$ cat model09.csv   # CSV, C-alpha atoms and all ligand atoms
chain,number,residue,atom,x,y,z
G,229,MET,CA,-3.0,0.1,19.7
G,230,PHE,CA,-1.9,-3.4,19.0
G,231,TRP,CA,0.8,-2.5,16.4
G,232,ARG,CA,2.3,0.3,18.6
G,233,LYS,CA,2.5,-2.1,21.5
G,234,LEU,CA,4.1,-4.8,19.3
G,235,ALA,CA,6.7,-2.3,18.1
G,236,SER,CA,7.6,-1.1,21.5
G,237,ASP,CA,7.8,-4.7,22.9
G,238,ALA,CA,10.1,-5.6,20.0
G,239,ARG,CA,12.3,-2.6,20.8
G,240,ALA,CA,12.4,-3.6,24.4
G,241,ALA,CA,13.3,-7.2,23.4
G,242,LYS,CA,16.0,-5.9,21.1
G,243,ARG,CA,17.7,-4.1,24.0
G,244,ARG,CA,18.1,-7.4,25.9
G,245,VAL,CA,20.3,-9.0,23.2
G,246,GLN,CA,23.5,-8.1,21.5
G,247,GLY,CA,25.0,-8.2,18.0
G,248,PRO,CA,23.2,-9.7,14.9
G,249,ALA,CA,20.7,-11.4,17.3
G,250,ARG,CA,19.0,-7.9,17.4
G,251,ASN,CA,18.2,-8.0,13.7
G,252,PRO,CA,15.0,-10.1,13.9
G,253,PHE,CA,13.7,-7.7,16.6
G,254,TRP,CA,14.3,-4.8,14.3
G,255,SER,CA,12.3,-6.6,11.6
G,256,VAL,CA,9.3,-7.1,13.9
G,257,GLN,CA,9.5,-3.5,15.1
G,258,ALA,CA,9.8,-2.0,11.6
G,259,TYR,CA,6.9,-4.2,10.4
G,260,ALA,CA,4.7,-3.3,13.4
G,261,ASP,CA,5.5,0.4,12.9
G,262,ALA,CA,4.6,0.1,9.2
G,263,MET,CA,1.2,-1.5,10.1
G,264,ALA,CA,0.4,1.2,12.6
G,265,THR,CA,1.0,3.7,9.8
G,266,TYR,CA,-1.1,1.6,7.5
G,267,VAL,CA,-4.0,1.8,10.0
G,268,SER,CA,-3.7,5.6,10.1
G,269,ALA,CA,-3.6,5.7,6.2
G,270,PHE,CA,-6.8,3.7,6.2
G,271,ALA,CA,-8.4,6.1,8.7
G,272,HIS,CA,-7.4,9.1,6.4
G,273,LEU,CA,-8.9,7.4,3.4
G,274,LYS,CA,-12.1,6.5,5.3
G,275,ARG,CA,-12.5,10.2,6.2
G,276,GLY,CA,-11.9,11.4,2.6
G,277,ARG,CA,-8.4,12.8,3.4
G,278,TYR,CA,-6.9,11.4,0.3
G,279,TYR,CA,-3.6,13.2,0.1
G,280,LYS,CA,-2.8,12.4,3.8
G,281,GLY,CA,-3.8,8.8,3.2
G,282,TRP,CA,-1.6,8.8,0.1
G,283,CYS,CA,1.4,10.1,2.1
G,284,ALA,CA,0.9,7.5,4.8
G,285,LEU,CA,0.7,4.8,2.2
G,286,GLU,CA,3.9,6.0,0.8
G,287,GLN,CA,5.6,5.8,4.2
G,288,VAL,CA,4.3,2.2,4.5
G,289,GLU,CA,5.6,1.3,1.1
G,290,LEU,CA,9.1,2.6,1.9
G,291,ALA,CA,9.0,0.9,5.4
G,292,LEU,CA,8.0,-2.5,4.0
G,293,GLU,CA,10.7,-2.2,1.3
G,294,ARG,CA,13.3,-1.8,4.2
G,295,VAL,CA,11.9,-4.9,5.9
G,296,VAL,CA,11.9,-7.0,2.8
G,297,ARG,CA,15.4,-5.8,1.8
G,298,ASN,CA,16.8,-6.9,5.1
G,299,ALA,CA,15.6,-10.5,4.7
G,300,ALA,CA,13.4,-10.4,7.7
G,301,PRO,CA,12.7,-13.8,9.4
G,302,GLU,CA,9.5,-15.7,8.5
G,303,PRO,CA,6.7,-14.9,8.9
G,304,VAL,CA,7.5,-11.2,8.9
G,305,LEU,CA,9.0,-11.4,5.4
G,306,THR,CA,5.9,-13.0,4.0
G,307,LEU,CA,3.5,-10.6,5.8
G,308,ALA,CA,5.5,-7.6,4.6
G,309,ALA,CA,5.6,-8.8,1.0
G,310,GLU,CA,1.9,-9.5,1.0
G,311,ARG,CA,1.0,-6.1,2.5
G,312,ALA,CA,3.4,-4.4,0.0
G,313,GLN,CA,1.2,-5.8,-2.8
G,314,ILE,CA,-1.9,-4.3,-1.3
G,315,ILE,CA,-0.1,-0.9,-1.0
G,316,THR,CA,0.7,-1.0,-4.7
G,317,LEU,CA,-2.9,-1.8,-5.4
G,318,TRP,CA,-4.1,1.1,-3.3
G,319,GLN,CA,-1.6,3.5,-5.0
G,320,SER,CA,-2.9,2.4,-8.4
G,321,LEU,CA,-6.4,3.7,-7.5
G,322,PHE,CA,-5.1,7.2,-7.0
G,323,PRO,CA,-5.2,9.7,-9.8
G,324,TYR,CA,-1.6,11.0,-9.1
G,325,ARG,CA,0.6,10.3,-12.1
G,326,VAL,CA,3.2,13.0,-12.3
G,327,PHE,CA,5.5,14.0,-9.4
G,328,ALA,CA,8.0,16.7,-8.6
G,329,SER,CA,11.5,15.2,-7.9
G,330,PRO,CA,14.0,17.6,-6.3
G,331,GLY,CA,17.7,17.2,-7.1
G,332,PHE,CA,20.1,17.9,-4.3
G,333,LEU,CA,23.8,18.5,-4.0
G,334,ASN,CA,24.7,17.2,-0.6
G,335,GLN,CA,27.6,19.1,1.0
G,336,ASP,CA,27.8,17.3,4.3
G,337,TRP,CA,26.5,14.0,5.6
G,338,ALA,CA,27.2,11.3,8.2
G,339,CYS,CA,26.6,7.6,8.4
G,340,SER,CA,23.8,6.9,10.9
G,341,ILE,CA,25.7,3.9,12.4
G,342,CYS,CA,29.3,5.3,12.8
G,343,GLY,CA,28.9,9.0,12.2
G,344,LYS,CA,31.6,9.0,9.5
G,345,ARG,CA,31.4,11.1,6.3
G,346,SER,CA,31.5,8.0,4.0
G,347,THR,CA,32.6,8.5,0.4
G,348,PRO,CA,33.3,6.0,-2.4
G,349,ILE,CA,37.0,6.6,-2.0
G,350,ASP,CA,36.9,6.4,1.8
G,351,PRO,CA,33.9,4.2,2.7
G,352,CYS,CA,33.0,3.6,6.3
G,353,GLY,CA,31.9,0.0,5.4
G,354,HIS,CA,28.2,0.5,6.2
G,355,ILE,CA,25.7,0.3,3.4
G,356,PRO,CA,22.6,2.6,3.6
G,357,GLY,CA,19.5,0.6,3.7
G,358,GLN,CA,21.0,-2.4,5.6
G,359,VAL,CA,20.5,-3.2,9.2
G,360,TYR,CA,23.5,-3.6,11.5
G,361,ASP,CA,23.0,-5.2,14.9
G,362,GLY,CA,19.4,-4.1,15.0
G,363,GLU,CA,20.0,-0.5,13.7
G,364,PHE,CA,18.9,0.7,10.3
G,365,CYS,CA,21.7,2.4,8.3
G,366,SER,CA,20.9,5.7,6.6
G,367,VAL,CA,22.8,8.7,5.5
G,368,ARG,CA,22.1,11.8,7.6
G,369,ILE,CA,22.3,14.8,5.4
G,370,THR,CA,23.4,17.8,7.5
G,371,LYS,CA,24.0,20.3,4.7
G,372,THR,CA,22.5,20.4,1.2
G,373,LYS,CA,21.8,22.6,-1.7
G,374,ILE,CA,18.7,22.1,-3.9
G,375,LEU,CA,19.8,22.1,-7.6
G,376,GLU,CA,16.7,21.6,-9.6
G,377,VAL,CA,13.2,20.1,-9.6
G,378,SER,CA,12.2,17.6,-12.3
G,379,LEU,CA,8.8,16.3,-13.2
G,380,VAL,CA,8.9,12.5,-13.2
G,381,LEU,CA,6.6,9.5,-13.5
G,382,HIS,CA,8.5,7.2,-11.3
G,383,PRO,CA,9.9,9.1,-8.3
G,384,VAL,CA,12.0,7.8,-5.5
G,385,GLN,CA,9.3,9.0,-3.1
G,386,LYS,CA,5.8,9.8,-4.1
G,387,TYR,CA,4.9,12.6,-1.7
G,388,SER,CA,5.4,15.5,-4.1
G,389,VAL,CA,2.2,15.1,-6.2
G,390,LEU,CA,1.3,17.7,-8.8
G,391,THR,CA,-2.2,19.0,-9.0
G,392,PRO,CA,-3.2,20.7,-12.3
G,393,GLU,CA,-4.6,24.1,-11.7
G,394,ASP,CA,-7.6,23.7,-13.9
G,395,ARG,CA,-8.7,20.3,-12.8
G,396,GLU,CA,-9.7,18.4,-9.7
G,397,HIS,CA,-8.2,15.0,-8.9
G,398,ASP,CA,-10.7,12.2,-9.1
G,399,PHE,CA,-10.6,10.0,-6.1
G,400,SER,CA,-13.8,8.1,-6.8
G,401,LEU,CA,-12.0,4.7,-7.2
G,402,VAL,CA,-10.3,5.1,-3.8
G,403,ALA,CA,-13.6,6.1,-2.3
G,404,TYR,CA,-15.4,3.2,-3.9
G,405,VAL,CA,-13.1,0.6,-2.4
G,406,VAL,CA,-12.6,2.2,1.0
G,407,ASP,CA,-16.3,2.7,1.5
G,408,ARG,CA,-16.8,-1.1,1.2
G,409,LEU,CA,-14.0,-2.1,3.6
G,410,ASN,CA,-14.9,-2.5,7.3
G,411,ASP,CA,-11.4,-2.2,8.6
G,412,PRO,CA,-7.8,-1.9,7.3
G,413,PHE,CA,-7.4,-5.6,7.0
G,414,HIS,CA,-10.6,-6.4,5.3
G,415,ALA,CA,-9.6,-8.8,2.5
G,416,TRP,CA,-9.8,-7.2,-1.0
G,417,THR,CA,-8.0,-7.3,-4.3
G,418,GLY,CA,-8.4,-6.0,-7.8
G,419,GLU,CA,-6.8,-6.1,-11.2
G,420,TRP,CA,-6.1,-3.5,-13.8
G,421,THR,CA,-6.9,-4.8,-17.3
G,422,HIS,CA,-8.3,-3.4,-20.6
G,423,ARG,CA,-11.7,-3.9,-22.1
G,424,ARG,CA,-13.3,-2.9,-25.4
G,425,HIS,CA,-16.3,-0.5,-25.0
G,426,PRO,CA,-18.8,0.0,-27.9
G,427,HIS,CA,-18.1,2.7,-30.4
G,428,SER,CA,-21.6,4.1,-29.7
G,429,ALA,CA,-20.2,5.5,-26.4
G,430,PHE,CA,-17.6,7.6,-28.2
G,431,VAL,CA,-19.7,9.2,-31.0
G,432,GLU,CA,-18.5,12.7,-30.1
G,433,HIS,CA,-14.9,11.7,-31.0
G,434,PRO,CA,-14.2,12.4,-34.7
G,435,LEU,CA,-12.6,9.6,-36.6
G,436,ASP,CA,-9.7,11.8,-37.7
G,437,GLY,CA,-9.1,13.1,-34.2
G,438,PRO,CA,-7.1,11.3,-31.4
G,439,CYS,CA,-8.3,7.9,-30.5
G,440,PRO,CA,-10.2,7.9,-27.1
G,441,CYS,CA,-8.0,5.1,-25.9
G,442,ASN,CA,-5.2,7.7,-25.6
G,443,SER,CA,-2.9,5.8,-27.9
G,444,SER,CA,-1.9,9.1,-29.6
G,445,LEU,CA,-3.0,7.5,-33.0
G,446,ARG,CA,-6.0,8.7,-34.9
G,447,TYR,CA,-9.3,7.0,-34.0
G,448,ARG,CA,-9.8,5.7,-37.5
G,449,GLU,CA,-6.3,4.1,-37.5
G,450,CYS,CA,-6.5,2.7,-34.0
G,451,CYS,CA,-9.6,1.3,-32.3
G,452,TRP,CA,-12.2,2.0,-35.1
G,453,GLY,CA,-11.2,-1.2,-36.8
G,454,GLU,CA,-11.7,-3.2,-33.6
G,455,SER,CA,-14.8,-4.3,-31.8
G,456,GLY,CA,-14.7,-1.3,-29.6
G,457,VAL,CA,-12.5,1.3,-27.9
G,458,ARG,CA,-9.8,-0.1,-25.6
G,459,VAL,CA,-10.5,1.4,-22.1
G,460,LYS,CA,-8.6,0.8,-18.9
G,461,HIS,CA,-10.5,-1.4,-16.6
G,462,PHE,CA,-10.3,-2.1,-12.9
G,463,ALA,CA,-12.0,-5.1,-11.5
G,464,ALA,CA,-12.4,-5.1,-7.7
G,465,GLN,CA,-13.0,-8.1,-5.5
G,466,ILE,CA,-13.9,-7.4,-1.9
G,467,ALA,CA,-14.7,-10.1,0.7
G,468,GLY,CA,-18.4,-10.1,1.4
G,469,TYR,CA,-19.3,-8.6,-2.0
G,470,GLN,CA,-20.0,-10.0,-5.4
G,471,ALA,CA,-18.8,-8.5,-8.7
G,472,TYR,CA,-21.0,-6.8,-11.2
G,473,GLU,CA,-20.5,-4.3,-14.1
G,474,GLU,CA,-20.6,-0.7,-13.3
G,475,GLY,CA,-19.6,2.3,-15.5
G,476,VAL,CA,-16.9,2.1,-18.2
G,477,VAL,CA,-13.9,2.1,-15.9
G,478,TRP,CA,-14.3,-0.7,-13.5
G,479,SER,CA,-16.4,-3.7,-12.4
G,480,GLY,CA,-18.2,-2.7,-9.3
G,481,VAL,CA,-19.1,-4.9,-6.3
G,482,LYS,CA,-22.4,-5.2,-4.4
G,483,PRO,CA,-23.0,-6.8,-1.0
G,484,LEU,CA,-23.7,-10.4,-0.8
G,485,PRO,CA,-26.7,-11.4,1.3
G,486,LEU,CA,-25.8,-11.3,4.9
G,487,PRO,CA,-24.8,-14.7,6.4
G,488,PRO,CA,-25.7,-15.6,9.9
G,489,PRO,CA,-23.0,-14.1,12.2
G,490,VAL,CA,-20.4,-16.7,13.1
G,491,LEU,CA,-18.7,-14.8,15.9
G,492,PRO,CA,-20.5,-13.0,18.6
G,493,GLY,CA,-20.4,-9.3,18.1
G,494,LEU,CA,-19.1,-9.5,14.6
G,495,PRO,CA,-22.0,-9.3,12.2
G,496,ASN,CA,-21.5,-9.4,8.5
G,497,CYS,CA,-18.7,-11.8,9.0
G,498,ASP,CA,-18.3,-15.3,7.6
G,499,PRO,CA,-14.9,-16.9,7.1
G,500,SER,CA,-16.2,-19.5,4.7
G,501,PRO,CA,-15.0,-19.1,1.1
G,502,ARG,CA,-18.4,-19.3,-0.5
G,503,LEU,CA,-19.0,-15.6,0.3
G,504,VAL,CA,-16.2,-14.6,-2.0
G,505,VAL,CA,-16.4,-14.2,-5.8
G,506,GLY,CA,-13.2,-14.3,-7.7
G,507,PRO,CA,-9.7,-15.4,-6.8
G,508,LEU,CA,-9.3,-13.6,-3.5
G,509,PRO,CA,-6.0,-14.5,-1.7
G,510,GLN,CA,-7.7,-14.2,1.7
G,511,THR,CA,-11.2,-15.4,2.2
G,512,ARG,CA,-11.4,-14.9,5.9
G,513,CYS,CA,-13.7,-12.5,7.7
G,514,PRO,CA,-12.4,-8.9,8.1
G,515,THR,CA,-10.9,-9.3,11.5
G,516,LEU,CA,-9.5,-12.8,11.1
G,517,PRO,CA,-6.5,-11.9,9.0
G,518,VAL,CA,-5.3,-9.7,11.8
G,519,ARG,CA,-5.7,-12.5,14.3
G,520,ALA,CA,-4.0,-15.0,12.0
G,521,ALA,CA,-1.1,-12.6,11.5
G,522,MET,CA,-0.8,-12.1,15.2
G,523,ASN,CA,-0.8,-15.8,15.9
G,524,ARG,CA,2.0,-16.3,13.4
G,525,GLN,CA,4.0,-13.5,15.0
G,526,ALA,CA,3.3,-14.9,18.4
G,527,SER,CA,5.3,-18.1,17.4
G,528,GLY,CA,8.4,-15.8,17.1
G,529,PRO,CA,10.3,-14.2,19.8
G,530,VAL,CA,7.8,-11.5,20.6
G,531,GLN,CA,4.6,-12.5,22.3
G,532,VAL,CA,2.2,-9.8,23.0
G,533,ALA,CA,-1.0,-10.9,21.2
G,534,THR,CA,-4.3,-11.3,22.8
G,535,SER,CA,-7.6,-11.8,20.9
G,536,SER,CA,-9.1,-8.7,22.5
G,537,THR,CA,-6.3,-6.5,21.1
G,538,ALA,CA,-7.1,-8.0,17.7
G,539,THR,CA,-10.7,-7.1,17.9
G,540,ARG,CA,-9.8,-3.6,19.0
G,541,LEU,CA,-7.3,-3.3,16.2
G,542,GLY,CA,-10.0,-4.1,13.7
G,543,LEU,CA,-11.9,-1.1,15.0
G,544,GLY,CA,-8.7,1.0,15.5
G,545,TYR,CA,-9.6,3.6,12.9
G,546,LEU,CA,-13.0,4.5,14.4
D,1,ZN,ZN,29.2,3.9,8.8
D,2,ZN,ZN,-7.4,3.3,-29.8
$ encode --input "model09.csv" --output "structure tokens" --more "lines below"
Ligand SMILES: [Zn+2]
Ligand SMILES: [Zn+2]
Amino acid sequence: MFWRKLASDARAAKRRVQGPARNPFWSVQAYADAMATYVSAFAHLKRGRYYKGWCALEQVELALERVVRNAAPEPVLTLAAERAQIITLWQSLFPYRVFASPGFLNQDWACSICGKRSTPIDPCGHIPGQVYDGEFCSVRITKTKILEVSLVLHPVQKYSVLTPEDREHDFSLVAYVVDRLNDPFHAWTGEWTHRRHPHSAFVEHPLDGPCPCNSSLRYRECCWGESGVRVKHFAAQIAGYQAYEEGVVWSGVKPLPLPPPVLPGLPNCDPSPRLVVGPLPQTRCPTLPVRAAMNRQASGPVQVATSSTATRLGLGYL
């Protein structure tokens, strides 16, 4: 796969230089590894394995944070920051809201760079999360004790999702978007806003009961005086689709008429902006962002890109 190959080439290139000159190669390697994980996250979502997809997206989020924090060279920094926004958008489509967060008492640990048991009083000088001469610094915990588990809304890591016993999670928004994407880099975006929906849709809610907008006020004192009930709204924009209204939760999209194919073997693919409704950041055909990204990377120190790998990459999840 293209990203695995890019990562291993960056690793090989890193070994050929010394000192801080290795850092840009670490950035390329970390970004390429993150994108390989992103491709597998997309494959999980395509097959309806939402929790596995969620966990892979979380790995990508954390990996991209590491790349951005270490001031990767352009264009890796821009690519990582752009992809991080898409990861946040993906995560917002999931129904997971509450997470288990374990609290640990670490009894023994070592710096991954120098092996020292660094403490605030006797620090080793390496900061976890920073890259030193092409090596990422982390704290290796060798002995720990779990103290407690808290329920939190904003966890450090989002793997420990909680599933209510009496309810199923609703992944319909994730499914809706992923069903309409041809490949992991198909351009799409979306926006969470609010809309007022007519009171006639909420007749079963008594005026003295809780407002259906979940404000924790009474219906009569909250939305009843307004033009409608305030409902969370997601508007999706997907390259090759146009927006229309669907349901009460989000604006749906439907396919635009097929344009004539512009690249041999790539039907349903037109890079011209006229196909896209709404402020899409990328209005290229699904496989083109990959190729553009690759060309930008190819101007850096690592050159492994060929157009055939890009085409394969676009189909990597199949
Ligand atoms: Zn150290
Ligand atoms: Zn209300």
$ residues_around --input "model09.csv" --residues "range 306-312 of chain G" --least-positions-apart "4" --cutoff "7 Å" --atoms "only C-alpha atoms" --output "list of chain:residue names"
G:Tyr259, G:Glu289, G:Leu292, G:Val296, G:Glu302, G:Thr316
$ atom_distance --input "model09.csv" --atom1 "CA of Arg424 in chain G" --atom2 "CA of Ala464 in chain G"
17.9 Å
$ residues_near_ligand --input "model09.csv" --ligand "ligand ZN 2 (chain D)" --cutoff "10 Å" --atoms "all atoms listed in the file" --output "number ranges by chain"
G: 424, 438-454, 456-459
$ residues_near_ligand --input "model09.csv" --ligand "ligand ZN 1 (chain D)" --cutoff "6 Å" --atoms "only C-alpha atoms and all ligand atoms" --output "ChimeraX atom specification"
/G:339,341-342,344,352-354
$ closest_residue --input "model09.csv" --among "G:Leu273, G:Val377, G:Ala429, G:Ile315" --to "Ser400 in chain G" --atoms "only C-alpha atoms"
G:Leu273
$ atom_distance --input "model09.csv" --atom1 "CA of Gln287 in chain G" --atom2 "CA of Arg243 in chain G"
25.2 Å
$ closest_residue --input "model09.csv" --among "G:Val406, G:Thr347, G:Thr417, G:Asp361" --to "Val245 in chain G" --atoms "only C-alpha atoms"
G:Asp361
